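Enquirer: Structure supplied as data.cif; contents: mmCIF, C-alpha atoms.
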```cif
data_structure
#
loop_
_atom_site.label_atom_id
_atom_site.label_comp_id
_atom_site.auth_asym_id
_atom_site.auth_seq_id
_atom_site.Cartn_x
_atom_site.Cartn_y
_atom_site.Cartn_z
CA MET A 286 -5.55 -3.02 0.23
CA ALA A 287 -1.82 -2.85 0.80
CA LYS A 288 0.11 -0.78 -1.68
CA ILE A 289 3.69 -0.79 -2.94
CA ILE A 290 4.64 2.87 -2.86
CA GLY A 291 8.22 2.58 -4.05
CA GLY A 292 11.32 0.55 -4.61
CA ILE A 293 14.84 1.22 -3.43
CA THR A 294 17.86 -0.62 -4.79
CA THR A 295 21.29 -0.30 -3.25
CA SER A 296 24.66 -1.93 -2.72
CA HIS A 297 25.26 -3.60 0.63
CA VAL A 298 28.98 -4.39 1.05
CA PRO A 299 30.24 -5.02 4.62
CA ALA A 300 32.70 -2.12 4.45
CA ILE A 301 29.69 0.21 4.71
CA GLY A 302 29.19 -1.17 8.21
CA ARG A 303 32.75 -0.40 9.17
CA ALA A 304 32.39 3.11 7.77
CA ILE A 305 29.22 3.66 9.82
CA ALA A 306 30.90 2.28 12.96
CA LYS A 307 33.83 4.66 12.49
CA ASN A 308 31.60 7.62 11.57
CA LEU A 309 33.25 8.05 8.17
CA GLN A 310 30.14 9.26 6.33
CA GLN A 311 31.78 12.58 5.50
CA ASP A 312 35.23 11.16 4.89
CA PRO A 313 36.26 11.98 1.28
CA TYR A 314 36.35 8.29 0.36
CA TRP A 315 32.83 7.61 1.63
CA LYS A 316 31.04 10.93 1.19
CA PRO A 317 29.96 10.38 -2.45
CA PHE A 318 28.33 7.13 -1.38
CA PHE A 319 26.62 8.22 1.85
CA ASP A 320 25.44 11.55 0.46
CA GLY A 321 23.46 9.59 -2.13
CA PHE A 322 21.05 8.51 0.61
CA VAL A 323 19.98 11.97 1.76
CA PRO A 324 17.18 12.36 -0.82
CA VAL A 325 16.01 8.79 -0.18
CA ARG A 326 15.70 9.42 3.55
CA LYS A 327 13.79 12.61 2.85
CA TRP A 328 11.38 10.67 0.65
CA LEU A 329 10.96 7.96 3.30
CA ALA A 330 10.20 10.55 5.98
CA GLU A 331 7.33 11.81 3.85
CA ALA A 332 6.18 8.48 2.43
CA LYS A 333 6.03 6.81 5.86
CA PRO A 334 6.02 3.15 4.84
CA ASP A 335 4.76 0.54 7.31
CA VAL A 336 6.51 -2.48 5.86
CA VAL A 337 9.71 -3.10 3.92
CA ILE A 338 10.04 -6.27 1.86
CA VAL A 339 13.79 -6.82 1.68
CA LEU A 340 15.07 -8.81 -1.30
CA TYR A 341 18.62 -9.83 -0.45
CA ASN A 342 21.16 -12.63 -0.65
CA ASP A 343 22.52 -14.37 2.42
CA HIS A 344 26.32 -14.57 2.61
CA GLY A 345 26.65 -17.66 4.75
CA LEU A 346 25.16 -16.41 8.00
CA ASN A 347 21.76 -18.11 7.96
CA PHE A 348 22.20 -20.70 5.24
CA PHE A 349 24.96 -23.23 4.74
CA LEU A 350 25.52 -25.61 1.83
CA ASP A 351 23.77 -28.41 3.72
CA LYS A 352 20.44 -26.79 2.84
CA MET A 353 20.57 -24.03 0.26
CA PRO A 354 17.19 -22.71 -0.83
CA THR A 355 16.90 -20.91 -4.13
CA PHE A 356 14.20 -18.64 -2.71
CA ALA A 357 13.50 -18.32 1.02
CA ILE A 358 11.15 -16.02 2.91
CA GLY A 359 11.05 -15.02 6.53
CA ALA A 360 7.90 -15.70 8.55
CA ALA A 361 9.27 -14.72 11.93
CA PRO A 362 8.11 -12.24 14.57
CA GLU A 363 11.57 -10.67 14.58
CA TYR A 364 14.90 -10.89 12.81
CA ARG A 365 18.34 -10.51 14.33
CA ASN A 366 21.80 -10.34 12.87
CA ALA A 367 25.19 -11.50 14.14
CA ASP A 368 28.81 -10.52 13.72
CA GLU A 369 29.17 -12.77 10.64
CA GLY A 370 32.68 -13.87 11.53
CA TRP A 371 34.53 -10.62 11.14
CA GLY A 372 33.06 -8.59 13.96
CA ILE A 373 30.61 -6.42 12.03
CA PRO A 374 28.62 -4.32 14.54
CA THR A 375 25.19 -5.71 15.24
CA VAL A 376 22.01 -3.67 14.98
CA PRO A 377 18.73 -3.69 16.90
CA ALA A 378 16.34 -6.51 15.98
CA PHE A 379 13.85 -5.92 13.20
CA ARG A 380 10.17 -6.49 13.82
CA GLY A 381 8.64 -9.00 11.44
CA ASP A 382 5.07 -9.38 10.26
CA ALA A 383 4.31 -13.09 10.36
CA ALA A 384 0.71 -12.67 9.20
CA LEU A 385 1.78 -10.75 6.11
CA SER A 386 4.62 -13.21 5.52
CA TRP A 387 2.19 -16.12 5.51
CA HIS A 388 -0.12 -14.28 3.15
CA LEU A 389 2.81 -13.73 0.79
CA ILE A 390 3.76 -17.40 1.14
CA GLU A 391 0.24 -18.58 0.34
CA SER A 392 0.04 -16.31 -2.66
CA LEU A 393 3.52 -17.06 -4.02
CA VAL A 394 3.30 -20.83 -3.58
CA GLY A 395 -0.14 -20.60 -5.17
CA GLU A 396 1.64 -19.10 -8.16
CA GLU A 397 4.19 -21.96 -8.19
CA PHE A 398 7.03 -20.10 -6.47
CA ASP A 399 7.89 -22.92 -4.08
CA LEU A 400 9.62 -20.98 -1.34
CA THR A 401 11.48 -22.19 1.71
CA THR A 402 9.71 -20.68 4.73
CA CYS A 403 11.70 -19.62 7.77
CA GLN A 404 10.24 -19.00 11.23
CA GLU A 405 13.78 -18.38 12.44
CA MET A 406 16.13 -16.49 10.18
CA LYS A 407 19.25 -14.52 10.92
CA VAL A 408 19.64 -11.60 8.55
CA ASP A 409 23.10 -10.48 7.49
CA HIS A 410 24.69 -7.27 6.26
CA ALA A 411 22.66 -7.44 3.07
CA VAL A 412 19.62 -6.56 5.19
CA THR A 413 21.10 -4.61 8.07
CA LEU A 414 23.31 -2.17 6.15
CA PRO A 415 20.74 -0.96 3.62
CA MET A 416 18.28 -0.54 6.49
CA ALA A 417 20.89 1.44 8.44
CA LEU A 418 21.50 3.60 5.38
CA LEU A 419 17.78 4.36 5.17
CA TRP A 420 17.29 4.86 8.92
CA PRO A 421 20.68 5.80 10.42
CA ASP A 422 19.30 6.02 13.96
CA GLN A 423 18.45 2.29 13.62
CA GLN A 424 15.12 2.86 15.37
CA TRP A 425 13.33 0.95 12.66
CA PRO A 426 9.91 2.56 12.04
CA VAL A 427 8.84 -0.37 9.84
CA ARG A 428 8.25 -4.10 9.97
CA ILE A 429 10.21 -6.20 7.51
CA VAL A 430 9.69 -9.34 5.44
CA PRO A 431 13.05 -10.67 4.25
CA VAL A 432 13.14 -12.60 0.99
CA CYS A 433 16.43 -14.33 0.25
CA ILE A 434 17.63 -15.26 -3.24
CA ASN A 435 20.53 -17.72 -3.57
CA THR A 436 23.67 -16.24 -5.09
CA VAL A 437 26.06 -18.50 -3.16
CA GLN A 438 25.87 -21.70 -5.16
CA ALA A 439 25.19 -22.17 -8.87
CA PRO A 440 22.81 -22.78 -10.45
CA LEU A 441 21.28 -19.46 -9.46
CA PRO A 442 17.70 -18.63 -10.38
CA SER A 443 17.56 -16.90 -13.74
CA ALA A 444 17.18 -13.17 -14.07
CA ALA A 445 13.80 -13.73 -15.70
CA ARG A 446 12.67 -15.88 -12.78
CA CYS A 447 13.74 -13.24 -10.27
CA TYR A 448 11.85 -10.58 -12.19
CA LYS A 449 8.76 -12.79 -12.17
CA LEU A 450 9.18 -13.37 -8.44
CA GLY A 451 8.93 -9.61 -8.04
CA GLN A 452 5.80 -9.50 -10.17
CA ALA A 453 4.25 -12.28 -8.07
CA LEU A 454 5.18 -10.45 -4.87
CA ALA A 455 3.38 -7.37 -6.15
CA ARG A 456 0.21 -9.38 -6.79
CA ALA A 457 0.51 -10.90 -3.32
CA VAL A 458 0.83 -7.48 -1.68
CA ALA A 459 -2.10 -6.15 -3.66
CA SER A 460 -4.34 -8.95 -2.36
CA TRP A 461 -3.48 -8.33 1.30
CA PRO A 462 -6.50 -6.79 3.00
CA GLY A 463 -4.50 -4.46 5.25
CA ASN A 464 -3.81 -0.88 4.25
CA GLU A 465 -0.04 -1.06 4.70
CA ARG A 466 2.23 1.14 2.67
CA VAL A 467 5.02 -1.11 1.42
CA VAL A 468 8.49 -0.30 0.18
CA VAL A 469 10.49 -2.98 -1.64
CA LEU A 470 14.22 -2.88 -0.98
CA GLY A 471 16.54 -4.81 -3.30
CA THR A 472 20.13 -5.05 -2.14
CA GLY A 473 23.39 -6.11 -3.73
CA GLY A 474 25.70 -5.27 -6.61
CA LEU A 475 26.52 -3.50 -8.67
CA SER A 476 29.52 -4.91 -10.52
CA HIS A 477 32.18 -6.49 -8.35
CA GLN A 478 34.16 -9.66 -7.96
CA LEU A 479 35.89 -10.69 -4.74
CA ASP A 480 37.34 -14.05 -5.72
CA GLY A 481 39.89 -15.32 -8.20
CA GLU A 482 42.53 -13.69 -10.36
CA ARG A 483 39.72 -11.53 -11.74
CA ALA A 484 39.17 -9.94 -8.29
CA GLY A 485 38.60 -6.21 -8.57
CA PHE A 486 36.59 -6.53 -11.78
CA ILE A 487 34.21 -3.59 -12.29
CA ASN A 488 32.11 -2.90 -15.39
CA LYS A 489 30.90 0.68 -15.30
CA ASP A 490 29.34 0.60 -18.75
CA PHE A 491 27.24 -2.44 -17.92
CA ASP A 492 26.17 -1.04 -14.55
CA LEU A 493 24.98 2.25 -16.02
CA SER A 494 23.18 0.46 -18.84
CA PHE A 495 21.53 -1.81 -16.29
CA MET A 496 20.39 1.13 -14.17
CA ASP A 497 18.97 2.84 -17.27
CA SER A 498 17.21 -0.36 -18.28
CA LEU A 499 15.20 -0.47 -15.07
CA LEU A 500 13.48 2.69 -16.29
CA THR A 501 13.26 2.13 -20.01
CA ASP A 502 13.33 -1.62 -20.60
CA PRO A 503 13.06 -3.41 -17.25
CA THR A 504 13.53 -6.95 -18.55
CA TRP A 505 16.64 -6.01 -20.56
CA ALA A 506 18.96 -7.91 -18.23
CA THR A 507 16.85 -11.05 -18.50
CA GLN A 508 18.29 -11.64 -21.97
CA HIS A 509 21.39 -12.92 -20.14
CA SER A 510 21.91 -16.21 -18.33
CA THR A 511 23.22 -15.90 -14.79
CA HIS A 512 26.55 -17.19 -16.09
CA GLN A 513 26.64 -14.31 -18.57
CA LEU A 514 25.69 -11.90 -15.80
CA VAL A 515 28.66 -13.16 -13.77
CA GLU A 516 30.87 -12.49 -16.78
CA LEU A 517 29.40 -9.00 -17.25
CA ALA A 518 29.09 -7.92 -13.61
CA GLY A 519 31.39 -10.22 -11.62
CA THR A 520 30.82 -13.18 -9.31
CA GLN A 521 29.16 -10.92 -6.74
CA GLY A 522 27.84 -8.39 -9.24
CA VAL A 523 25.28 -11.05 -10.09
CA GLU A 524 23.53 -9.79 -6.95
CA LEU A 525 21.80 -7.46 -9.39
CA LEU A 526 19.20 -10.27 -9.39
CA MET A 527 17.85 -8.57 -6.26
CA TRP A 528 17.46 -5.31 -8.19
CA LEU A 529 15.56 -7.13 -10.93
CA ALA A 530 13.22 -8.78 -8.43
CA ALA A 531 12.60 -5.42 -6.77
CA ARG A 532 11.95 -3.81 -10.13
CA GLY A 533 9.50 -6.59 -10.92
CA THR A 534 7.32 -5.52 -8.00
CA LEU A 535 6.83 -2.01 -9.37
CA GLY A 536 4.75 -2.54 -12.50
CA ALA A 537 5.27 -1.58 -16.09
CA GLN A 538 6.16 2.07 -15.66
CA VAL A 539 8.31 3.72 -13.04
CA GLN A 540 10.05 7.00 -12.57
CA ALA A 541 13.40 7.42 -10.87
CA LEU A 542 13.06 9.93 -8.06
CA HIS A 543 16.76 9.61 -7.35
CA ARG A 544 19.84 7.70 -8.47
CA ASN A 545 23.49 7.58 -7.55
CA TYR A 546 26.47 5.63 -8.86
CA HIS A 547 29.94 5.73 -7.40
CA ILE A 548 33.17 3.75 -7.88
CA PRO A 549 34.51 2.33 -5.61
CA ILE A 550 33.30 1.42 -2.17
CA SER A 551 35.56 -1.39 -1.03
CA ASN A 552 35.85 -3.55 -4.19
CA THR A 553 32.45 -2.56 -5.49
CA ALA A 554 30.78 -0.18 -7.88
CA SER A 555 27.95 1.15 -5.75
CA GLY A 556 24.53 1.94 -7.14
CA LEU A 557 21.41 3.44 -5.64
CA MET A 558 17.97 4.02 -7.15
CA LEU A 559 14.69 5.24 -5.72
CA LEU A 560 11.88 4.20 -8.02
CA GLU A 561 8.21 5.06 -7.88
CA PRO A 562 5.50 3.19 -9.79
CA THR A 563 3.65 5.41 -12.22
CA ALA A 564 1.33 2.92 -13.91
CA MET B 73 17.85 -53.91 0.70
CA THR B 74 20.51 -52.09 2.64
CA ASN B 75 21.32 -48.44 2.68
CA PRO B 76 24.43 -47.29 0.86
CA PRO B 77 27.38 -46.65 3.15
CA PRO B 78 27.70 -43.07 4.37
CA ASN B 79 29.31 -40.60 1.98
CA GLN B 80 28.91 -43.03 -0.90
CA PRO B 81 26.23 -41.94 -3.35
CA PRO B 82 24.18 -44.79 -4.75
CA ASN B 83 24.54 -45.84 -8.37
CA GLN B 84 28.08 -44.49 -8.61
CA PRO B 85 29.66 -45.63 -11.89
CA PRO B 86 32.34 -48.18 -11.02
CA ASN B 87 35.18 -46.20 -12.58
CA GLN B 88 34.33 -42.99 -10.73
CA PRO B 89 35.89 -42.14 -7.40
CA PRO B 90 33.26 -41.35 -4.77
CA ASN B 91 31.95 -37.81 -4.52
CA GLN B 92 33.15 -36.80 -7.95
CA LEU B 93 30.76 -35.77 -10.65
CA PRO B 94 31.45 -37.35 -14.03
CA ASN B 95 32.16 -34.07 -15.72
CA GLN B 96 32.17 -30.34 -15.34
CA LEU B 97 28.51 -29.66 -14.59
CA SER B 98 28.66 -26.31 -16.23
CA LYS B 99 28.26 -26.29 -19.98
CA HIS B 100 29.14 -22.61 -20.05
CA PRO B 101 32.37 -21.24 -21.46
CA PRO B 102 34.90 -20.53 -18.71
CA ILE B 103 35.34 -16.97 -17.45
CA PRO B 104 39.05 -16.19 -17.07
CA GLY B 105 40.22 -15.81 -13.48
CA THR B 106 36.88 -17.05 -12.19
CA VAL B 107 35.72 -20.27 -10.59
CA ILE B 108 31.95 -20.69 -10.67
CA PHE B 109 30.89 -22.21 -7.35
CA ASP B 110 28.66 -24.96 -8.70
CA GLY B 111 27.76 -28.44 -7.58
CA GLU B 112 31.21 -29.76 -8.40
CA GLN B 113 32.89 -27.13 -6.24
CA ALA B 114 30.25 -27.53 -3.54
CA ILE B 115 31.07 -31.23 -3.24
CA LYS B 116 34.82 -30.65 -3.35
CA GLY B 117 34.79 -27.86 -0.80
CA TYR B 118 32.15 -29.07 1.63
CA ALA B 119 34.41 -29.74 4.62
CA LEU B 120 36.41 -26.56 4.11
CA ASN B 121 33.32 -24.42 3.74
CA LYS B 122 31.68 -26.07 6.72
CA MET B 123 34.66 -25.16 8.85
CA CYS B 124 34.58 -21.57 7.57
CA PHE B 125 30.82 -21.38 8.23
CA SER B 126 31.54 -22.31 11.85
CA PHE B 127 33.59 -19.10 12.18
CA ASN B 128 30.31 -17.18 12.41
CA ASP B 129 30.67 -17.94 16.13
CA ALA B 130 33.41 -16.15 18.03
CA ALA B 131 34.04 -19.19 20.23
CA ASN B 132 34.85 -21.25 17.15
CA ARG B 133 37.23 -18.61 15.85
CA GLU B 134 39.01 -18.71 19.19
CA ALA B 135 39.16 -22.50 19.10
CA PHE B 136 40.71 -22.38 15.63
CA VAL B 137 43.35 -19.88 16.73
CA ALA B 138 44.09 -21.88 19.87
CA ASP B 139 44.70 -25.16 18.03
CA GLU B 140 44.52 -24.91 14.25
CA ASP B 141 45.53 -28.52 13.59
CA ALA B 142 42.91 -29.95 15.90
CA TYR B 143 40.23 -27.64 14.52
CA CYS B 144 40.97 -28.56 10.90
CA ALA B 145 41.06 -32.25 11.83
CA ARG B 146 37.65 -31.96 13.47
CA TYR B 147 36.17 -30.81 10.16
CA GLY B 148 38.00 -33.45 8.13
CA LEU B 149 39.84 -31.17 5.76
CA ASN B 150 41.70 -33.03 3.01
CA PRO B 151 45.45 -32.39 2.59
CA GLN B 152 44.90 -29.81 -0.17
CA GLN B 153 42.46 -27.87 2.01
CA ARG B 154 44.68 -28.15 5.08
CA GLU B 155 47.66 -26.82 3.14
CA ALA B 156 45.63 -23.94 1.68
CA ILE B 157 44.46 -22.97 5.17
CA ARG B 158 48.02 -23.22 6.47
CA ALA B 159 49.25 -21.01 3.61
CA ARG B 160 46.41 -18.43 4.08
CA ASN B 161 46.30 -18.46 0.29
CA VAL B 162 42.96 -17.49 -1.21
CA LEU B 163 43.55 -18.88 -4.70
CA GLN B 164 44.58 -22.21 -3.19
CA LEU B 165 41.50 -22.15 -0.97
CA ILE B 166 39.28 -21.57 -4.00
CA ALA B 167 41.04 -24.38 -5.88
CA ALA B 168 40.32 -26.62 -2.89
CA GLY B 169 36.59 -25.88 -3.22
CA GLY B 170 36.32 -22.83 -0.99
CA ASN B 171 33.41 -20.44 -1.54
CA ALA B 172 34.10 -16.71 -1.36
CA TYR B 173 31.32 -16.03 1.14
CA TYR B 174 32.49 -18.65 3.63
CA LEU B 175 36.19 -17.94 3.05
CA ALA B 176 35.51 -14.32 4.03
CA LYS B 177 34.85 -15.55 7.55
CA PHE B 178 38.26 -17.24 7.61
CA ALA B 179 39.87 -14.01 6.40
CA GLY B 180 38.02 -12.19 9.16
CA ILE B 181 40.00 -14.07 11.79
CA PHE B 182 43.11 -12.28 10.57
CA GLY B 183 41.43 -8.89 10.19
CA LEU B 184 41.94 -8.88 6.43
CA ASP B 185 39.68 -6.68 4.34
CA MET B 186 38.60 -7.22 0.75
CA GLN B 187 41.44 -5.15 -0.67
CA ASP B 188 43.94 -7.35 1.18
CA ILE B 189 42.23 -10.39 -0.34
CA GLY B 190 42.07 -8.82 -3.78
CA ALA B 191 45.71 -7.80 -3.70
CA GLN B 192 46.80 -11.29 -2.70
CA GLN B 193 44.85 -12.94 -5.52
CA THR B 194 46.00 -10.53 -8.21
CA GLY B 195 49.64 -10.30 -7.19
CA LEU B 196 49.37 -6.56 -6.61
CA SER B 197 50.22 -4.51 -3.56
CA LYS B 198 47.19 -3.31 -1.64
CA ALA B 199 47.82 0.24 -2.85
CA GLN B 200 48.04 -0.98 -6.46
CA PHE B 201 44.82 -2.96 -6.08
CA GLN B 202 43.02 0.05 -4.61
CA ALA B 203 44.30 2.21 -7.46
CA LYS B 204 42.98 -0.32 -9.95
CA LEU B 205 39.51 -0.04 -8.39
CA VAL B 206 39.56 3.76 -8.55
CA ALA B 207 40.76 3.59 -12.16
CA ALA B 208 37.49 1.85 -13.10
CA ASN B 209 35.97 5.35 -13.00
CA HIS B 210 37.71 6.02 -16.30
CA GLN B 211 36.16 3.12 -18.16
CA PRO B 212 34.47 4.58 -21.25
CA ARG B 213 30.77 4.27 -21.93
CA SER B 214 29.83 2.41 -25.10
CA VAL B 215 26.86 4.64 -25.87
#
```
Could you render the structure from this file as structure tokens?
Expert:
Amino acid sequence: MAKIIGGITTSHVPAIGRAIAKNLQQDPYWKPFFDGFVPVRKWLAEAKPDVVIVLYNDHGLNFFLDKMPTFAIGAAPEYRNADEGWGIPTVPAFRGDAALSWHLIESLVGEEFDLTTCQEMKVDHAVTLPMALLWPDQQWPVRIVPVCINTVQAPLPSAARCYKLGQALARAVASWPGNERVVVLGTGGLSHQLDGERAGFINKDFDLSFMDSLLTDPTWATQHSTHQLVELAGTQGVELLMWLAARGTLGAQVQALHRNYHIPISNTASGLMLLEPTA
Amino acid sequence: MTNPPPNQPPNQPPNQPPNQLPNQLSKHPPIPGTVIFDGEQAIKGYALNKMCFSFNDAANREAFVADEDAYCARYGLNPQQREAIRARNVLQLIAAGGNAYYLAKFAGIFGLDMQDIGAQQTGLSKAQFQAKLVAANHQPRSV
């Protein structure tokens, strides 16, 4: 039986890619962010996962407004990225696991999560950069299953729905007959807003409360509508939906093996958590 | 029974212009300085966002730079969208229905980063905008 051995939640802003390309990991601006990943990489080296389920939001690389799924899942043998319009460096292709993807699809649709299934799917910086932070040599030792949650076009799925998606994913993984060790990676946030006169909005108090809540009261954020979450965390800070979905996969009790929070990277308050299920 | 003409939704109330929703879809209170990209914006900005989506491909970025007028005409931008593109003005682009994620690809053509974009929208210099971000470290905790 496959097993979810941990969850990792992290920011994913494109500027991280530029910093990696320019080797700025120890630059004073970037060091507090990149150093946060050292303990996570150490844990991964020991935990040796086989598969990473990546909960992320596409930023207009794979999906356009002609067809905008609320939830989409990859079922491809491999996943590639592209320069996304601003020349972000590309990374080696990720190996997929189509059989596992289809098992997840069967299980999730069976639970009334009516996903869009993708046998071809470009993955953007929201997948590639967190993966490159976890495995800087980009020799991916894992297969991935990308799961995309719409944060481009309102209405967005509710926080409660995203949390339940995570719970359903956990049940799906648990019913897979393989013995894979699975890590769930949720990417996005924390508070930031790129657009409008409110650009540059950061809400440190909310972010820290949200991070605490994932340990003590994991559905705390589901009290808010996505509109309220935009108000509290910014138009892009609402990407915390990915964190909630990831947390939903981990069961009732977790412990934080590591956490980091740093303001700012680019326009964003960056957050990082490594969570391990304990019950 | 004939199909409705292209771009004309069926059952449009007679006093509504085509492709306009009767009202603000959102029943939520507005957030200052923020446009929620909802169905209304998605309809309004479709051509503009479609053009920006095309900038995922380097060849399309080059075609835009080579002949901006022709490229905008190919995507059928309305005058408001064309003017906002001409002005390289992010707030105008948002008002014309632009979505931040697709607009970022337009900004990429000019090598602008998110602090350039933020500074332009807030009327600050880039250095002032960056200082504002750093200052968020000093926000107090409520508990």
Enquirer: Between chain B and chain A, at 8 Å or less, what are the per-residue closest atom pairs and their distances in Å? Count only C-alpha atoms, order by chain and rising residue number, and return it as CSV.
Expert:
```
residue,atom,partner,partner_atom,distance
B:His100,CA,A:His512,CA,7.2
B:Ile103,CA,A:Glu516,CA,6.4
B:Pro104,CA,A:Arg483,CA,7.1
B:Gly105,CA,A:Glu482,CA,4.4
B:Thr106,CA,A:Gly481,CA,5.3
B:Val107,CA,A:Gly481,CA,6.9
B:Ile108,CA,A:Ala439,CA,7.2
B:Phe109,CA,A:Gln438,CA,5.5
B:Asp110,CA,A:Ala439,CA,4.5
B:Gly111,CA,A:Ala439,CA,6.9
B:Ala114,CA,A:Leu350,CA,7.4
B:Tyr118,CA,A:Leu350,CA,7.5
B:Lys122,CA,A:Phe349,CA,7.6
B:Phe125,CA,A:Gly345,CA,6.6
B:Phe127,CA,A:Gly370,CA,5.3
B:Asn128,CA,A:Gly370,CA,4.2
B:Asp129,CA,A:Gly370,CA,6.5
B:Ala130,CA,A:Gly370,CA,6.9
B:Arg133,CA,A:Gly370,CA,7.9
B:Val162,CA,A:Gly481,CA,7.9
B:Leu163,CA,A:Gly481,CA,6.2
B:Ile166,CA,A:Gly481,CA,7.6
B:Asn171,CA,A:Val437,CA,7.8
B:Ala172,CA,A:Asp480,CA,6.0
B:Tyr173,CA,A:His344,CA,5.4
B:Tyr174,CA,A:Gly345,CA,6.0
B:Lys177,CA,A:Gly370,CA,4.8
B:Phe178,CA,A:Gly370,CA,7.6
B:Ala179,CA,A:Trp371,CA,7.9
B:Gly180,CA,A:Trp371,CA,4.3
B:Ile181,CA,A:Trp371,CA,6.5
B:Gly183,CA,A:Trp371,CA,7.2
B:Met186,CA,A:Asn552,CA,6.7
B:Gln187,CA,A:Asn552,CA,6.8
B:Ile189,CA,A:Leu479,CA,7.7
B:Gly190,CA,A:Ala484,CA,5.5
B:Gln193,CA,A:Glu482,CA,5.4
B:Thr194,CA,A:Glu482,CA,5.2
B:Phe201,CA,A:Gly485,CA,7.4
B:Lys204,CA,A:Gly485,CA,7.5
B:Leu205,CA,A:Pro549,CA,6.2
B:Val206,CA,A:Pro549,CA,6.0
B:Ala208,CA,A:Ile487,CA,6.4
B:Asn209,CA,A:Ile548,CA,6.1
B:Gln211,CA,A:Lys489,CA,6.5
B:Pro212,CA,A:Asp490,CA,7.0
B:Arg213,CA,A:Asp490,CA,5.1
B:Ser214,CA,A:Asp490,CA,6.6
```
Enquirer: Can you tell me, as a count of residues only, what residues are no more than 9 Å from range 139-153 of chain B when counting all atoms listed in the file, ignoring any on the same chain fewer than 6 positions away?
Expert: 13
Enquirer: Please, which residues are within 12 Å of (10.5, -15.4, 15.8) by the file's coordinates, counting all atoms listed in the file, and could they come as an MDAnalysis selection string?
Expert: chainID A and resid 359:365 378:383 403:407
Enquirer: So, counting all atoms listed in the file, which residue among A:Ala518, A:Val467, A:Val539, A:Cys447 is closest to Ser498 in chain A?
Expert: A:Val539
Enquirer: Set the distance at 12 Å and use all atoms listed in the file: which residues neighbour Pro426 in chain A once local chain neighbours fewer than 5 positions away are removed? I'd like the list as a list in words.
Expert: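 With the cut-off at 12 Å, the set is Leu329, Ala330, Ala332, Lys333, Pro334, Asp335, Val336, Val337, Pro377, Ala378, Phe379, Arg380, Gly381, Met416, Ala417, Leu419, Trp420 and Pro421 of chain A.
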Enquirer: Between CA of Ala159 in chain B and CA of Asp188 in chain B, what is the distance in Å, rounded to a tenth?
Expert: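 CA of Asp188 in chain B lies 14.9 Å from CA of Ala159 in chain B.
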Enquirer: Once the PyMOL selection byres ((chain A and resi 415) around 9) has been applied to the shown file, what residues remain in the selection, as a VMD selection string?
Expert: chain A and resid 294 to 297 410 to 414 416 to 420 470 to 472
Enquirer: Counting only C-alpha atoms, which residue out of B:Ala131, B:Cys124, B:Gln202, B:Leu184 sits closest to Tyr314 in chain A?
Expert: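 Selected residue with least distance to Tyr314 in chain A: B:Gln202.
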Enquirer: Excluding Thr501 in chain A and any residue of its chain fewer than 6 positions from it, enumerate the residues within 12 Å of it, using only C-alpha atoms, and give them as a PDB file with C-alpha atoms, in the frame of the given file.
Expert:
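The resulting file, part-v8.pdb, is shown below:
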```
ATOM      1  CA  SER A 494      23.180   0.460 -18.840  1.00  0.00           C
ATOM      2  CA  PHE A 495      21.530  -1.810 -16.290  1.00  0.00           C
ATOM      3  CA  ARG A 532      11.950  -3.810 -10.130  1.00  0.00           C
ATOM      4  CA  ALA A 537       5.270  -1.580 -16.090  1.00  0.00           C
ATOM      5  CA  GLN A 538       6.160   2.070 -15.660  1.00  0.00           C
ATOM      6  CA  VAL A 539       8.310   3.720 -13.040  1.00  0.00           C
ATOM      7  CA  GLN A 540      10.050   7.000 -12.570  1.00  0.00           C
ATOM      8  CA  ALA A 541      13.400   7.420 -10.870  1.00  0.00           C
TER       9      ALA A 541
END
```
Enquirer: Of the residues A:Ala459, A:Leu385, A:Ala506, A:Ile293, which is the one nearest to Gly556 in chain A, using all atoms listed in the file?
Expert: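 For Gly556 in chain A, the nearest of the given residues is A:Ile293.
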Enquirer: Which distance in Å separates CA of Asp312 in chain A and CA of Val408 in chain A, to one decimal?
Expert: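 It comes out at 27.8 Å.
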Enquirer: Evaluate the PyMOL selection byres ((chain A and resi 455) around 8) against this structure - the residues, as a PyMOL selection string, please.
Expert: chain A and resi 289+451-454+456-459+533-535
Enquirer: So what do you get for CA of Asn342 in chain A versus CA of Pro102 in chain B, distance-wise?
Expert: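 Here the two named atoms are 24.0 Å from each other.
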Enquirer: Calculated over only C-alpha atoms, which of the candidates A:Asp409, A:Lys352, A:Thr511, A:Asp399 has the smallest distance to Asn366 in chain A?
Expert: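 For Asn366 in chain A, the nearest of the given residues is A:Asp409.
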Enquirer: Counting all atoms listed in the file, which of B:Asn121, B:His210, B:Val137, B:Ala199 gets nearest to Ala176 in chain B?
Expert: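 Smallest separation from Ala176 in chain B among the options: B:Asn121.
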